[in-house]
2 protein chains.
Amino acid sequence: MEKKVTIRDVAAAAGVSHQTVSRVINDRPDVADETRRRVWQLIEELGYQPSAIARGLASKRTYTLGLITADFSDYFFTQVIVGAEVEARKRGYFFMLCSTERNLADEPEYLKLLTERQVDGILFARPSTEDDSRHIVSLIQQGVPLVTTAYWLSGEKLTVVDVDNVDGGLQATECLIELGHRKIGVVTGPGGWKSVNDRTEGYRFALERAGIPFDGSLIEHGDWSYQGGYEAMGRLLAKAPKITALFAQNDQMAIGAMRALYEAGRKIPDDVAIVGYDDVPAAAYSQPPLTTIRQPMQQVGEVATRLLIELINDPDAERKEVLLKTELIRRQTCGSS
Amino acid sequence: MEKKVTIRDVAAAAGVSHQTVSRVINDRPDVADETRRRVWQLIEELGYQPSAIARGLASKRTYTLGLITADFSDYFFTQVIVGAEVEARKRGYFFMLCSTERNLADEPEYLKLLTERQVDGILFARPSTEDDSRHIVSLIQQGVPLVTTAYWLSGEKLTVVDVDNVDGGLQATECLIELGHRKIGVVTGPGGWKSVNDRTEGYRFALERAGIPFDGSLIEHGDWSYQGGYEAMGRLLAKAPKITALFAQNDQMAIGAMRALYEAGRKIPDDVAIVGYDDVPAAAYSQPPLTTIRQPMQQVGEVATRLLIELINDPDAERKEVLLKTELIRRQTCGSS
DNA sequence: GTGAAAGCGCTAACAT
DNA sequence: ATGTTAGCGCTTTCAC
């Protein structure tokens with residue numbers, strides 16, 4: 001790397017003060033057009049690149065955001081990140097990547113490293129779990145701008161962007177009810193997740209609306225994985241062999257459940273109809289193609305990032321909760337429409 | 001946010017110069033044990049956090065790396081990123097995320113923004129495409145430490161970490177040959193990709209070794225997608241209905257091809273055996289489960305990051321090309337073993 | 001072992 | 001419309 005060209009080099013070459021150059025690169029109003037033109041030209045010629053580091057030190061704004069994520073194999077959050085990245089770029093921000101893939105316990109440490117780097121704000125793109133909120137509450141109290149996606153913290157007022165999972169569960173279940181099903185099994189995600197509670201609540205609403213009594217024995221928990229869905233379906237078949245439909249709370253478990261049904265000799269959708277959740281790319285190519293609930297994940301990321309930047313610009317802005325709508329994607333697992 | 005505690009606050013409280021505090025936090029040798037202890041204690045008490053920005057400005061080292069990625073729906077690169085992130089964290093680095101998801105044409109601009117932020121080096125975790133190398137060559141010439149994964153640039157000497165795709169193609173094909181297949185179709189990725197050429201070369205090696213003549217009409221191109229695999233398989237069945245086996249160059253296309261075979265009434269693996277490539281999570285849950293070639297993607301990310309940091313610490317270090325080995329995962333699409 | 005001085009490359013505040 | 005002065009919070013260099 002050649003010797004760095006600084007703002008003073010440009011200033012000297014243009015015969016102005018470095019401050020004028022600063023005004024030009026920051027697009028401040030009070031610079032004469034002629035001066036502005038000349039300075040820009042010199043910037044080009046000398047190949048000057050302002051040092052974001054120096055700017056950050058002087059101005060206390062780094063235009064860098066922290067991105068907390070847990071798991072890149074999770075389709076939901078991966079898509080959230082895509083949307084967040086696009087929005088950040090549009091507004092001149094970058095994300096500092098911080099994945100706690102292995103050990104959530106290290107998160108407080110990572111958060112500290114992130115604040116040492118003076119990020120302007122932090123986006124949480126990971127699921128909420130129990131007992132991990134202390135250090136996050138502490139961030140909020142320090143006044144660090146913070147937005148979460150699908151992460152709910154009881155007690156604290158914080159900005160969160162999520163999908164309307166109650167409605168999603170309702171849509172999934174109603175689709176099955178409309179086809180005449182009354183014994184509808186559910187493979188949920190793990191206990192303690194808000195999205196699980198919400199989707200299950202939607203399921204119950206739908207039953208209630210249709211006058212179908214709720215039967216707790218039709219519910220089994222999975223861990224979001226293919227294998228988890230496979231196993232949960234096995235248990236469900238043993239407990240409640242007469243179910244004719246299944247609401248799986250994500251697509252991976254739906255596909256795992258399909259394997260279990262296949263092994264049990266049940267035909268899909270003739271013997272058992274299925275609705276999944278997420279609309280992962282594989283859903284359109286399962287055998288048969290999976291009916292599912294599509295979530296606007298990239299949009300979640302975009303909105304969250306936009307709100308985060310608003311919060312940075314106005315720390316007193318109101319904390320809000322935004323819920324985006326889901327969409328039922330009809331495919332063959334619940335009788336082609 | 002309360003008023004920032006600075007190095008001078010700590011120094012004043014400890015009754016030493018700020019320079020001594022600097023020595024302590026940087027773990028320099030020449031500080032008296034007693035002083036060191038006292039300073040650390042004050043750091044704790046005051047909640048002092050060194051400003052990474054100020055350190056970066058003074059020391060020219062930001063401990064930040066740029067991460068160029070194209071597509072978060074690509075399993076290979078997503079896993080590379082996971083591995084890279086873990087390795088970076090281990091060594092005290094963070095990644096600045098830079099996805100060119102939408103428009104590769106903006107990459108030069110993003111690269112400029114990244115260098116303005118004084119990243120210590122850049123990791124490319126995206127596939128190489130034609131005609132996009134000019135700005136990368138320019139980075140190399142500027143002396144920016146650079147490592148790529150599965151990205152080859154003819155002419156320039158650069159450090160790249162990749163998987164041995166020739167061997168992978170060989171393993172896939174030999175697995176099918178061992179089962180007695182002689183008419184083995186291939187659904188490749190798009191033309192112009194090195195990994196495609198290499199995997200196909202491995203296929204040809206395997207045929208040659210087994211004394212099977214190569215037949216170009218058994219090859220069809222796909223675009224890595226489910227749909228692409230589905231369509232390519234359709235064309236292949238039309239052209240060469242007698243094939244009894246398929247080597248799909250990624251799992252998504254393999255699963256798409258399975259759909260086409262299913263619709264054509266071909267049984268898997270009895271009529272057509274299949275080997276995929278990648279070992280994506282869905283592969284174990286396709287119907288039937290997919291035999292495939294597993295690539296050590298996370299390890300690619302780890303090694304690449306390690307080499308990048310080595311390059312940063314020693315800019316004159318030799319540029320090297322590292323190839324990691326693949327592994328055949330036997331499942332039911334080529335006759336359960 | 002420790003301290004003082006200088007400066008990294010910028011922006012902020014005030015002056016002109 | 002432009003220049004001057006003072007830092008931002010650290011590390012580097014050199015002195016003691």
# chains A, B, ... in the order shown; residues from 1 in each chain; ligands from 1
>>> interface_residues(of="chain C", to="chain B", cutoff="9 Å", atoms="only C-alpha atoms (C1' of nucleotides)", output="list of chain:residue names")
C:DG1, C:DT2, C:DG3, C:DG7, C:DC8, C:DG9
>>> residues_around(residues="B:Ala238", least_positions_apart="5", cutoff="12 Å", atoms="only C-alpha atoms (C1' of nucleotides)", output="list of chain:residue names")
B:Gly185, B:Ser217, B:Leu218, B:Glu220, B:Glu231, B:Ala232, B:Met233, B:Ile243, B:Ala260, B:Leu261, B:Ala264
>>> calpha_fit_and_write(fixed="chain B", moving="chain A", output="tab-separated table (two decimals) with C-alpha atoms, in the first residue's frame")
chain	number	residue	atom	x	y	z
A	1	MET	CA	-24.96	6.67	27.31
A	2	GLU	CA	-23.01	8.18	30.12
A	3	LYS	CA	-19.88	10.16	29.55
A	4	LYS	CA	-17.19	7.95	28.13
A	5	VAL	CA	-14.40	6.91	30.47
A	6	THR	CA	-11.07	7.39	28.70
A	7	ILE	CA	-7.61	6.13	29.23
A	8	ARG	CA	-6.70	9.39	30.93
A	9	ASP	CA	-9.47	9.03	33.47
A	10	VAL	CA	-8.07	5.67	34.43
A	11	ALA	CA	-4.56	7.07	34.50
A	12	ALA	CA	-5.55	9.92	36.76
A	13	ALA	CA	-7.40	7.62	39.11
A	14	ALA	CA	-4.48	5.24	39.29
A	15	GLY	CA	-1.97	8.00	39.63
A	16	VAL	CA	0.02	6.96	36.59
A	17	SER	CA	0.45	8.30	33.09
A	18	HIS	CA	-2.04	7.35	30.40
A	19	GLN	CA	0.79	5.60	28.65
A	20	THR	CA	1.16	3.17	31.50
A	21	VAL	CA	-2.51	2.37	31.23
A	22	SER	CA	-2.00	1.82	27.54
A	23	ARG	CA	0.79	-0.61	28.34
A	24	VAL	CA	-1.44	-2.48	30.72
A	25	ILE	CA	-4.34	-2.92	28.35
A	26	ASN	CA	-1.99	-3.99	25.59
A	27	ASP	CA	-0.36	-6.46	27.90
A	28	ARG	CA	3.11	-5.07	27.38
A	29	PRO	CA	5.88	-6.57	29.49
A	30	ASP	CA	7.50	-3.59	31.17
A	31	VAL	CA	4.98	-2.67	33.82
A	32	ALA	CA	5.42	-3.43	37.52
A	33	ASP	CA	3.08	-6.11	38.77
A	34	GLU	CA	1.70	-3.87	41.44
A	35	THR	CA	0.98	-1.10	38.95
A	36	ARG	CA	-0.60	-3.52	36.55
A	37	ARG	CA	-2.88	-4.86	39.25
A	38	ARG	CA	-3.95	-1.42	40.38
A	39	VAL	CA	-4.64	-0.25	36.86
A	40	TRP	CA	-6.75	-3.30	36.05
A	41	GLN	CA	-8.73	-2.74	39.18
A	42	LEU	CA	-9.45	0.87	38.28
A	43	ILE	CA	-10.42	-0.21	34.78
A	44	GLU	CA	-13.01	-2.52	36.30
A	45	GLU	CA	-14.24	0.04	38.78
A	46	LEU	CA	-14.61	2.83	36.29
A	47	GLY	CA	-16.00	0.52	33.62
A	48	TYR	CA	-13.39	1.68	31.17
A	49	GLN	CA	-13.64	0.34	27.63
A	50	PRO	CA	-10.80	1.18	25.26
A	51	SER	CA	-12.01	2.79	22.05
A	52	ALA	CA	-11.22	0.46	19.18
A	53	ILE	CA	-11.63	3.43	16.86
A	54	ALA	CA	-8.95	5.48	18.54
A	55	ARG	CA	-6.67	2.48	18.70
A	56	GLY	CA	-7.22	1.86	15.03
A	57	LEU	CA	-6.38	5.43	14.15
A	58	ALA	CA	-3.21	5.44	16.16
A	59	SER	CA	-1.98	1.98	15.34
A	60	LYS	CA	-3.20	1.45	11.77
A	61	ARG	CA	-4.66	-1.88	12.77
A	62	THR	CA	-8.39	-2.27	13.08
A	63	TYR	CA	-8.70	-5.98	13.69
A	64	THR	CA	-11.56	-5.85	11.27
A	65	LEU	CA	-11.83	-7.91	8.12
A	66	GLY	CA	-14.07	-7.42	5.13
A	67	LEU	CA	-16.29	-10.32	4.18
A	68	ILE	CA	-17.52	-10.36	0.60
A	69	THR	CA	-20.40	-12.67	-0.03
A	70	ALA	CA	-22.94	-12.95	-2.78
A	71	ASP	CA	-25.77	-15.09	-1.71
A	72	PHE	CA	-26.99	-16.26	1.65
A	73	SER	CA	-29.15	-18.94	0.14
A	74	ASP	CA	-26.05	-20.72	-1.07
A	75	TYR	CA	-25.33	-23.40	1.47
A	76	PHE	CA	-21.66	-23.69	0.61
A	77	PHE	CA	-20.77	-20.08	1.26
A	78	THR	CA	-23.05	-19.73	4.23
A	79	GLN	CA	-21.15	-22.53	5.90
A	80	VAL	CA	-17.86	-20.99	4.87
A	81	ILE	CA	-18.93	-17.83	6.66
A	82	VAL	CA	-19.77	-19.74	9.81
A	83	GLY	CA	-16.30	-21.25	9.88
A	84	ALA	CA	-14.68	-17.92	9.06
A	85	GLU	CA	-16.54	-16.14	11.82
A	86	VAL	CA	-15.49	-18.65	14.45
A	87	GLU	CA	-11.86	-18.43	13.43
A	88	ALA	CA	-11.90	-14.64	13.31
A	89	ARG	CA	-13.40	-14.37	16.75
A	90	LYS	CA	-10.82	-16.74	18.14
A	91	ARG	CA	-8.11	-14.39	16.93
A	92	GLY	CA	-9.72	-11.15	17.98
A	93	TYR	CA	-11.05	-10.08	14.61
A	94	PHE	CA	-14.51	-9.11	13.46
A	95	PHE	CA	-15.96	-9.28	10.00
A	96	MET	CA	-17.59	-6.37	8.28
A	97	LEU	CA	-20.39	-7.92	6.28
A	98	CYS	CA	-20.64	-7.03	2.63
A	99	SER	CA	-23.14	-8.91	0.54
A	100	THR	CA	-23.49	-8.19	-3.14
A	101	GLU	CA	-26.66	-10.25	-3.24
A	102	ARG	CA	-28.47	-8.01	-5.67
A	103	ASN	CA	-25.95	-6.45	-7.91
A	104	LEU	CA	-22.45	-7.68	-8.43
A	105	ALA	CA	-21.82	-4.51	-10.37
A	106	ASP	CA	-21.73	-2.56	-7.13
A	107	GLU	CA	-18.91	-4.63	-5.75
A	108	PRO	CA	-16.11	-2.22	-6.66
A	109	GLU	CA	-17.98	0.51	-4.81
A	110	TYR	CA	-18.42	-1.68	-1.74
A	111	LEU	CA	-14.79	-2.63	-1.82
A	112	LYS	CA	-13.90	1.02	-1.77
A	113	LEU	CA	-16.11	1.62	1.23
A	114	LEU	CA	-14.47	-1.32	2.93
A	115	THR	CA	-10.97	0.00	2.38
A	116	GLU	CA	-12.07	3.43	3.61
A	117	ARG	CA	-12.93	1.66	6.80
A	118	GLN	CA	-9.37	0.45	6.95
A	119	VAL	CA	-10.14	-3.24	7.13
A	120	ASP	CA	-6.94	-5.15	7.69
A	121	GLY	CA	-7.80	-7.66	4.98
A	122	ILE	CA	-10.62	-9.03	2.87
A	123	LEU	CA	-12.09	-12.50	2.58
A	124	PHE	CA	-13.97	-13.39	-0.56
A	125	ALA	CA	-16.67	-15.93	0.17
A	126	ARG	CA	-18.45	-15.91	-3.13
A	127	PRO	CA	-18.14	-17.84	-6.37
A	128	SER	CA	-15.94	-16.49	-9.10
A	129	THR	CA	-17.66	-15.30	-12.19
A	130	GLU	CA	-16.33	-14.14	-15.49
A	131	ASP	CA	-15.29	-10.58	-16.08
A	132	ASP	CA	-15.37	-9.42	-12.53
A	133	SER	CA	-11.74	-9.62	-11.76
A	134	ARG	CA	-10.46	-6.19	-12.64
A	135	HIS	CA	-11.19	-4.49	-9.35
A	136	ILE	CA	-9.88	-7.51	-7.50
A	137	VAL	CA	-6.60	-7.43	-9.33
A	138	SER	CA	-6.40	-3.79	-8.41
A	139	LEU	CA	-6.84	-4.66	-4.73
A	140	ILE	CA	-4.05	-7.17	-4.95
A	141	GLN	CA	-1.80	-4.61	-6.55
A	142	GLN	CA	-2.60	-2.11	-3.82
A	143	GLY	CA	-1.26	-4.73	-1.47
A	144	VAL	CA	-4.50	-5.35	0.38
A	145	PRO	CA	-4.28	-8.74	2.10
A	146	LEU	CA	-6.77	-10.96	0.35
A	147	VAL	CA	-7.87	-14.56	0.54
A	148	THR	CA	-10.58	-16.21	-1.50
A	149	THR	CA	-12.61	-19.35	-1.12
A	150	ALA	CA	-13.45	-21.29	-4.24
A	151	TYR	CA	-12.50	-18.25	-6.25
A	152	TRP	CA	-9.83	-18.59	-8.86
A	153	LEU	CA	-8.23	-15.80	-10.76
A	154	SER	CA	-6.07	-16.70	-13.69
A	155	GLY	CA	-2.77	-14.93	-13.89
A	156	GLU	CA	-2.63	-13.42	-10.41
A	157	LYS	CA	-0.94	-15.17	-7.58
A	158	LEU	CA	-3.38	-15.28	-4.74
A	159	THR	CA	-4.23	-17.35	-1.72
A	160	VAL	CA	-7.27	-19.48	-2.27
A	161	VAL	CA	-8.85	-22.19	-0.20
A	162	ASP	CA	-11.10	-24.63	-1.98
A	163	VAL	CA	-12.33	-28.16	-2.06
A	164	ASP	CA	-10.83	-30.80	-4.29
A	165	ASN	CA	-13.64	-30.93	-6.80
A	166	VAL	CA	-11.86	-33.23	-9.21
A	167	ASP	CA	-11.62	-35.81	-6.50
A	168	GLY	CA	-15.20	-35.13	-5.44
A	169	GLY	CA	-16.45	-35.78	-8.95
A	170	LEU	CA	-14.34	-38.89	-9.06
A	171	GLN	CA	-15.75	-40.21	-5.79
A	172	ALA	CA	-19.31	-39.56	-6.88
A	173	THR	CA	-18.86	-41.30	-10.20
A	174	GLU	CA	-16.93	-44.25	-8.85
A	175	CYS	CA	-19.64	-44.92	-6.35
A	176	LEU	CA	-22.06	-45.34	-9.23
A	177	ILE	CA	-19.64	-47.36	-11.35
A	178	GLU	CA	-19.06	-49.76	-8.49
A	179	LEU	CA	-22.77	-50.44	-8.44
A	180	GLY	CA	-22.47	-51.55	-12.07
A	181	HIS	CA	-23.73	-48.44	-13.80
A	182	ARG	CA	-22.28	-47.57	-17.18
A	183	LYS	CA	-24.73	-45.07	-18.55
A	184	ILE	CA	-24.26	-42.28	-16.05
A	185	GLY	CA	-25.85	-38.91	-16.72
A	186	VAL	CA	-24.55	-35.67	-15.28
A	187	VAL	CA	-26.40	-32.52	-14.35
A	188	THR	CA	-23.66	-29.94	-14.03
A	189	GLY	CA	-23.69	-26.41	-12.74
A	190	PRO	CA	-23.51	-23.48	-15.15
A	191	GLY	CA	-20.69	-23.28	-17.67
A	192	GLY	CA	-17.65	-21.23	-16.77
A	193	TRP	CA	-17.46	-22.31	-13.13
A	194	LYS	CA	-14.22	-23.92	-12.12
A	195	SER	CA	-15.99	-26.24	-9.70
A	196	VAL	CA	-18.16	-27.45	-12.58
A	197	ASN	CA	-15.19	-28.13	-14.80
A	198	ASP	CA	-13.39	-29.90	-11.99
A	199	ARG	CA	-16.30	-32.08	-10.96
A	200	THR	CA	-16.87	-33.02	-14.56
A	201	GLU	CA	-13.21	-33.78	-14.99
A	202	GLY	CA	-13.43	-36.11	-12.00
A	203	TYR	CA	-16.37	-37.79	-13.67
A	204	ARG	CA	-14.33	-38.34	-16.82
A	205	PHE	CA	-11.38	-39.70	-14.88
A	206	ALA	CA	-13.63	-42.22	-13.20
A	207	LEU	CA	-15.11	-43.36	-16.51
A	208	GLU	CA	-11.69	-43.64	-18.04
A	209	ARG	CA	-10.38	-45.68	-15.17
A	210	ALA	CA	-13.30	-48.05	-15.56
A	211	GLY	CA	-12.88	-48.21	-19.31
A	212	ILE	CA	-16.25	-46.61	-19.99
A	213	PRO	CA	-16.27	-44.35	-23.04
A	214	PHE	CA	-17.22	-40.76	-22.39
A	215	ASP	CA	-20.48	-39.67	-23.99
A	216	GLY	CA	-21.08	-35.94	-24.10
A	217	SER	CA	-24.78	-36.38	-24.70
A	218	LEU	CA	-25.18	-37.59	-21.15
A	219	ILE	CA	-24.33	-34.14	-19.83
A	220	GLU	CA	-26.80	-31.36	-19.16
A	221	HIS	CA	-26.28	-27.98	-17.52
A	222	GLY	CA	-28.36	-26.66	-14.66
A	223	ASP	CA	-28.18	-23.44	-12.68
A	224	TRP	CA	-27.70	-25.01	-9.22
A	225	SER	CA	-31.40	-24.57	-8.37
A	226	TYR	CA	-34.07	-27.17	-7.72
A	227	GLN	CA	-35.89	-25.99	-10.80
A	228	GLY	CA	-32.70	-26.10	-12.85
A	229	GLY	CA	-32.10	-29.69	-11.83
A	230	TYR	CA	-35.66	-30.59	-12.59
A	231	GLU	CA	-35.47	-29.15	-16.07
A	232	ALA	CA	-32.04	-30.54	-16.85
A	233	MET	CA	-33.20	-33.99	-15.83
A	234	GLY	CA	-36.17	-33.62	-18.15
A	235	ARG	CA	-33.89	-32.85	-21.06
A	236	LEU	CA	-31.58	-35.67	-20.12
A	237	LEU	CA	-34.43	-38.17	-20.02
A	238	ALA	CA	-35.58	-37.04	-23.44
A	239	LYS	CA	-32.10	-37.25	-24.94
A	240	ALA	CA	-30.81	-40.32	-23.21
A	241	PRO	CA	-33.68	-42.35	-21.81
A	242	LYS	CA	-31.45	-45.30	-21.11
A	243	ILE	CA	-29.36	-43.76	-18.35
A	244	THR	CA	-29.43	-45.76	-15.14
A	245	ALA	CA	-27.56	-43.34	-12.92
A	246	LEU	CA	-27.13	-39.63	-12.34
A	247	PHE	CA	-24.38	-37.48	-10.89
A	248	ALA	CA	-25.94	-34.15	-9.95
A	249	GLN	CA	-23.36	-31.52	-9.15
A	250	ASN	CA	-25.26	-30.19	-6.18
A	251	ASP	CA	-27.97	-31.48	-3.90
A	252	GLN	CA	-30.62	-29.00	-4.87
A	253	MET	CA	-30.40	-30.05	-8.50
A	254	ALA	CA	-30.33	-33.69	-7.39
A	255	ILE	CA	-33.58	-33.18	-5.54
A	256	GLY	CA	-35.08	-31.32	-8.49
A	257	ALA	CA	-33.97	-34.16	-10.74
A	258	MET	CA	-35.64	-36.65	-8.42
A	259	ARG	CA	-38.90	-34.85	-9.00
A	260	ALA	CA	-38.47	-35.18	-12.75
A	261	LEU	CA	-37.63	-38.88	-12.42
A	262	TYR	CA	-40.61	-39.40	-10.18
A	263	GLU	CA	-42.91	-37.74	-12.70
A	264	ALA	CA	-41.41	-39.89	-15.45
A	265	GLY	CA	-42.26	-42.96	-13.44
A	266	ARG	CA	-38.66	-43.94	-12.75
A	267	LYS	CA	-37.97	-45.50	-9.39
A	268	ILE	CA	-35.02	-44.33	-7.32
A	269	PRO	CA	-32.63	-46.08	-6.91
A	270	ASP	CA	-33.95	-49.13	-8.78
A	271	ASP	CA	-34.32	-47.49	-12.18
A	272	VAL	CA	-31.96	-44.59	-11.66
A	273	ALA	CA	-29.33	-44.24	-8.95
A	274	ILE	CA	-28.28	-40.75	-7.87
A	275	VAL	CA	-25.35	-39.03	-6.23
A	276	GLY	CA	-25.56	-35.36	-5.31
A	277	TYR	CA	-22.98	-32.90	-4.02
A	278	ASP	CA	-22.82	-30.75	-0.85
A	279	ASP	CA	-24.65	-32.81	1.73
A	280	VAL	CA	-27.13	-30.07	2.58
A	281	PRO	CA	-29.31	-30.84	5.59
A	282	ALA	CA	-32.25	-31.60	3.31
A	283	ALA	CA	-30.27	-34.35	1.57
A	284	ALA	CA	-30.75	-36.72	4.47
A	285	TYR	CA	-34.50	-36.15	4.27
A	286	SER	CA	-35.23	-36.35	0.59
A	287	GLN	CA	-37.35	-39.26	-0.55
A	288	PRO	CA	-35.33	-41.49	-0.65
A	289	PRO	CA	-32.38	-40.00	1.27
A	290	LEU	CA	-29.70	-38.71	-1.04
A	291	THR	CA	-26.23	-40.13	-1.44
A	292	THR	CA	-23.92	-37.17	-1.80
A	293	ILE	CA	-20.45	-35.69	-1.56
A	294	ARG	CA	-19.83	-33.80	1.65
A	295	GLN	CA	-17.51	-30.82	1.53
A	296	PRO	CA	-15.74	-29.46	4.62
A	297	MET	CA	-17.14	-25.99	4.12
A	298	GLN	CA	-16.73	-24.63	7.61
A	299	GLN	CA	-13.16	-25.77	7.51
A	300	VAL	CA	-12.70	-23.88	4.25
A	301	GLY	CA	-13.80	-20.74	6.09
A	302	GLU	CA	-11.55	-21.41	9.03
A	303	VAL	CA	-8.46	-22.10	6.99
A	304	ALA	CA	-9.09	-19.12	4.75
A	305	THR	CA	-9.42	-16.80	7.72
A	306	ARG	CA	-6.31	-18.18	9.32
A	307	LEU	CA	-4.34	-17.65	6.14
A	308	LEU	CA	-5.73	-14.17	5.78
A	309	ILE	CA	-4.57	-13.20	9.24
A	310	GLU	CA	-1.16	-14.70	8.50
A	311	LEU	CA	-1.02	-12.58	5.39
A	312	ILE	CA	-1.87	-9.48	7.40
A	313	ASN	CA	0.91	-10.21	9.85
A	314	ASP	CA	3.36	-10.98	7.10
A	315	PRO	CA	2.48	-9.30	3.81
A	316	ASP	CA	5.33	-11.06	2.09
A	317	ALA	CA	4.15	-14.51	3.04
A	318	GLU	CA	3.86	-16.84	0.11
A	319	ARG	CA	0.49	-17.04	-1.63
A	320	LYS	CA	-0.77	-20.57	-1.53
A	321	GLU	CA	-3.59	-22.72	-2.78
A	322	VAL	CA	-5.13	-25.12	-0.31
A	323	LEU	CA	-7.42	-27.95	-1.38
A	324	LEU	CA	-9.52	-29.78	1.19
A	325	LYS	CA	-10.86	-33.27	0.69
A	326	THR	CA	-14.45	-34.36	0.15
A	327	GLU	CA	-16.21	-37.37	1.58
A	328	LEU	CA	-18.82	-39.67	0.06
A	329	ILE	CA	-21.95	-39.99	2.20
A	330	ARG	CA	-23.83	-43.15	1.27
A	331	ARG	CA	-27.59	-43.05	1.53
A	332	GLN	CA	-30.44	-44.68	-0.34
A	333	THR	CA	-30.41	-43.02	-3.73
A	334	CYS	CA	-27.71	-45.29	-4.93
A	335	GLY	CA	-28.82	-48.46	-3.29
A	336	SER	CA	-28.43	-48.55	0.45
A	337	SER	CA	-25.08	-49.93	1.29
